[in-house]
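K.L.:
Just one file: coords-v6.pdb, with PDB, C-alpha atoms.
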```pdb
ATOM      1  CA  MET T 144     -16.283  -9.707 -10.116  1.00  0.00           C
ATOM      2  CA  SER T 145     -14.634 -10.422  -6.792  1.00  0.00           C
ATOM      3  CA  LEU T 146     -12.712  -7.526  -5.274  1.00  0.00           C
ATOM      4  CA  SER T 147     -10.315  -8.342  -2.502  1.00  0.00           C
ATOM      5  CA  ILE T 148      -7.534  -6.048  -1.352  1.00  0.00           C
ATOM      6  CA  LYS T 149      -5.703  -9.013   0.170  1.00  0.00           C
ATOM      7  CA  LYS T 150      -5.777 -10.889  -3.158  1.00  0.00           C
ATOM      8  CA  TYR T 151      -4.667  -7.748  -5.021  1.00  0.00           C
ATOM      9  CA  ILE T 152      -1.719  -7.262  -2.665  1.00  0.00           C
ATOM     10  CA  GLU T 153      -0.628 -10.902  -2.881  1.00  0.00           C
ATOM     11  CA  LYS T 154      -0.906 -10.879  -6.678  1.00  0.00           C
ATOM     12  CA  THR T 155       1.019  -7.601  -6.937  1.00  0.00           C
ATOM     13  CA  ILE T 156       3.830  -8.820  -4.671  1.00  0.00           C
ATOM     14  CA  ASN T 157       4.079 -12.181  -6.452  1.00  0.00           C
ATOM     15  CA  GLN T 158       4.042 -10.724  -9.969  1.00  0.00           C
ATOM     16  CA  LYS T 159       5.755  -7.350  -9.693  1.00  0.00           C
ATOM     17  CA  ALA T 160       8.115  -7.413  -6.710  1.00  0.00           C
ATOM     18  CA  LYS T 161      11.741  -8.300  -7.232  1.00  0.00           C
ATOM     19  CA  ILE T 162      12.976 -10.400  -4.316  1.00  0.00           C
ATOM     20  CA  GLY T 163      16.515 -11.689  -4.223  1.00  0.00           C
ATOM     21  CA  TYR T 164      19.575 -12.429  -2.147  1.00  0.00           C
ATOM     22  CA  ASP T 165      22.519 -10.006  -2.024  1.00  0.00           C
ATOM     23  CA  ARG T 166      25.651 -12.029  -1.270  1.00  0.00           C
ATOM     24  CA  SER T 167      27.762  -8.944  -0.602  1.00  0.00           C
ATOM     25  CA  VAL T 168      25.729  -8.059   2.498  1.00  0.00           C
ATOM     26  CA  LYS T 169      24.317 -11.556   3.118  1.00  0.00           C
ATOM     27  CA  GLN T 170      20.747 -10.224   3.218  1.00  0.00           C
ATOM     28  CA  TRP T 171      17.518 -10.728   1.308  1.00  0.00           C
ATOM     29  CA  PHE T 172      16.093  -7.684  -0.465  1.00  0.00           C
ATOM     30  CA  GLY T 173      12.796  -6.743  -2.018  1.00  0.00           C
ATOM     31  CA  ILE T 174      11.875  -3.968  -4.438  1.00  0.00           C
ATOM     32  CA  LEU T 175       8.400  -3.067  -5.634  1.00  0.00           C
ATOM     33  CA  HIS T 176       7.722  -0.119  -7.917  1.00  0.00           C
ATOM     34  CA  HIS T 177       4.026   0.592  -7.512  1.00  0.00           C
ATOM     35  CA  VAL T 178       1.738   3.355  -8.750  1.00  0.00           C
ATOM     36  CA  SER T 179       1.586   4.766  -5.225  1.00  0.00           C
ATOM     37  CA  GLY T 180       5.381   4.709  -4.743  1.00  0.00           C
ATOM     38  CA  SER T 181       8.435   2.491  -4.512  1.00  0.00           C
ATOM     39  CA  ILE T 182       8.883   0.047  -1.660  1.00  0.00           C
ATOM     40  CA  TYR T 183      12.234  -1.322  -0.553  1.00  0.00           C
ATOM     41  CA  SER T 184      12.999  -3.926   2.108  1.00  0.00           C
ATOM     42  CA  GLN T 185      16.076  -5.738   3.399  1.00  0.00           C
ATOM     43  CA  HIS T 186      16.173  -8.490   6.021  1.00  0.00           C
ATOM     44  CA  SER T 187      17.990 -11.695   6.919  1.00  0.00           C
ATOM     45  CA  LYS T 188      15.005 -13.853   5.873  1.00  0.00           C
ATOM     46  CA  LYS T 189      13.053 -13.868   2.611  1.00  0.00           C
ATOM     47  CA  SER T 190       9.758 -14.184   4.501  1.00  0.00           C
ATOM     48  CA  GLN T 191      10.522 -10.981   6.431  1.00  0.00           C
ATOM     49  CA  VAL T 192      11.150  -9.105   3.177  1.00  0.00           C
ATOM     50  CA  LYS T 193       7.850 -10.264   1.698  1.00  0.00           C
ATOM     51  CA  LYS T 194       5.997  -9.454   4.927  1.00  0.00           C
ATOM     52  CA  GLU T 195       7.378  -5.907   4.980  1.00  0.00           C
ATOM     53  CA  LEU T 196       6.524  -5.328   1.304  1.00  0.00           C
ATOM     54  CA  ILE T 197       2.953  -6.450   2.032  1.00  0.00           C
ATOM     55  CA  GLU T 198       2.658  -4.216   5.115  1.00  0.00           C
ATOM     56  CA  VAL T 199       3.901  -1.114   3.316  1.00  0.00           C
ATOM     57  CA  LEU T 200       1.665  -1.731   0.283  1.00  0.00           C
ATOM     58  CA  GLU T 201      -1.310  -2.125   2.650  1.00  0.00           C
ATOM     59  CA  GLU T 202      -0.429   1.239   4.204  1.00  0.00           C
ATOM     60  CA  PHE T 203      -0.166   2.872   0.758  1.00  0.00           C
ATOM     61  CA  ILE T 204      -3.626   1.570  -0.130  1.00  0.00           C
ATOM     62  CA  ALA T 205      -5.121   2.630   3.224  1.00  0.00           C
ATOM     63  CA  LEU T 206      -3.668   6.148   2.860  1.00  0.00           C
ATOM     64  CA  TYR T 207      -5.007   6.385  -0.696  1.00  0.00           C
ATOM     65  CA  LEU T 208      -8.491   5.306   0.402  1.00  0.00           C
ATOM     66  CA  GLU T 209      -8.425   7.725   3.335  1.00  0.00           C
ATOM     67  CA  LYS T 210      -7.414  10.538   0.996  1.00  0.00           C
ATOM     68  CA  GLN T 211     -10.261   9.676  -1.384  1.00  0.00           C
ATOM     69  CA  LYS T 212     -12.713   9.546   1.529  1.00  0.00           C
ATOM     70  CA  ASP T 213     -11.599  12.993   2.695  1.00  0.00           C
ATOM     71  CA  LYS T 214     -12.123  14.438  -0.792  1.00  0.00           C
ATOM     72  CA  ARG T 215     -15.686  13.120  -0.973  1.00  0.00           C
ATOM     73  CA  SER T 216     -16.767  13.841   2.560  1.00  0.00           C
ATOM     74  CA  PHE T 217     -15.434  17.411   2.594  1.00  0.00           C
ATOM     75  CA  SER T 218     -17.997  18.602   0.071  1.00  0.00           C
ATOM     76  CA  GLU T 219     -20.740  16.605   1.776  1.00  0.00           C
ATOM     77  CA  ILE T 220     -19.878  18.054   5.205  1.00  0.00           C
ATOM     78  CA  LYS T 221     -19.601  21.559   3.817  1.00  0.00           C
ATOM     79  CA  ASN T 222     -22.984  21.303   2.124  1.00  0.00           C
ATOM     80  CA  SER T 223     -24.732  19.936   5.205  1.00  0.00           C
ATOM     81  CA  LYS T 224     -23.220  22.664   7.416  1.00  0.00           C
ATOM     82  CA  VAL T 225     -24.373  25.343   5.000  1.00  0.00           C
ATOM     83  CA  GLN T 226     -27.848  23.811   4.848  1.00  0.00           C
ATOM     84  CA  GLY T 227     -27.933  23.536   8.644  1.00  0.00           C
ATOM     85  CA  ALA T 228     -27.004  27.196   9.001  1.00  0.00           C
ATOM     86  CA  TYR T 229     -30.063  28.293   7.002  1.00  0.00           C
ATOM     87  CA  ARG T 230     -32.642  26.187   8.872  1.00  0.00           C
TER
END
```
Please express the file's structure as structure tokens.
P.N.:
Amino acid sequence: MSLSIKKYIEKTINQKAKIGYDRSVKQWFGILHHVSGSIYSQHSKKSQVKKELIEVLEEFIALYLEKQKDKRSFSEIKNSKVQGAYR
């Protein structure tokens, strides 16, 4: 199994994001409802909308991973400090 965050993000944007043109404001828009939250974008070019959706989804994933890392390392740090105190 090949795990690639870049491939996951591209696949998610291509399959789940709604990208369209709003004639009333003459702007492109993008909407992505993701597990980690909803992402909205509006720009004059479609490529800018897609780029912003990708950037925000990358940030969501990075924040999630950082949060998971903090949960794991807290107990490990706490245990090593306690062990170090009794040496």
K.L.:
Using all atoms listed in the file, pick whichever of T:Glu202, T:Lys193, T:Lys214, T:Gly173 has the shortest atom-to-atom distance to Glu153 of chain T.
P.N.:
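Once distances to Glu153 of chain T are computed over all atoms listed in the file, the minimum belongs to T:Lys193.
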K.L.:
Might I get the box with edges along x, y and z of the file that holds all atoms of segment 173-182 of chain T listed there, padded by 5 Å on every side, given as centre and edge lengths in Å to one decimal, as AutoDock Vina command-line options?
P.N.:
```
--center_x 7.2 --center_y -1.0 --center_z -5.2 --size_x 21.2 --size_y 21.5 --size_z 17.1
```
K.L.:
By how many Å are atom CA of Leu208 of chain T and atom CA of Leu175 of chain T apart?
P.N.:
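About the pair atom CA of Leu208 of chain T and atom CA of Leu175 of chain T: they are 19.8 Å apart.
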K.L.:
Taking all atoms listed in the file into account, which of T:Gln185, T:Gln191, T:Ser179, T:Thr155 comes nearest Ala205 of chain T?
P.N.:
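Ranking T:Gln185, T:Gln191, T:Ser179, T:Thr155 by distance to Ala205 of chain T, first place goes to T:Ser179.
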K.L.:
Any chance you could work out the residue set of the PyMOL selection byres ((chain T and resi 182) around 12) here, as a ChimeraX atom specification?
P.N.:
/T:156,159-162,172-181,183-185,192-203
K.L.:
Kindly give the distance, in Å, that separates atom CA of Leu206 of chain T and atom CA of Ser190 of chain T, rounded to a single decimal.
P.N.:
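Computing it gives 24.4 Å between the two atoms.
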K.L.:
To one decimal place in Å, what is the distance between atom CA of Lys210 of chain T and atom CA of Lys149 of chain T?
P.N.:
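Between atom CA of Lys210 of chain T and atom CA of Lys149 of chain T the gap works out to 19.6 Å.
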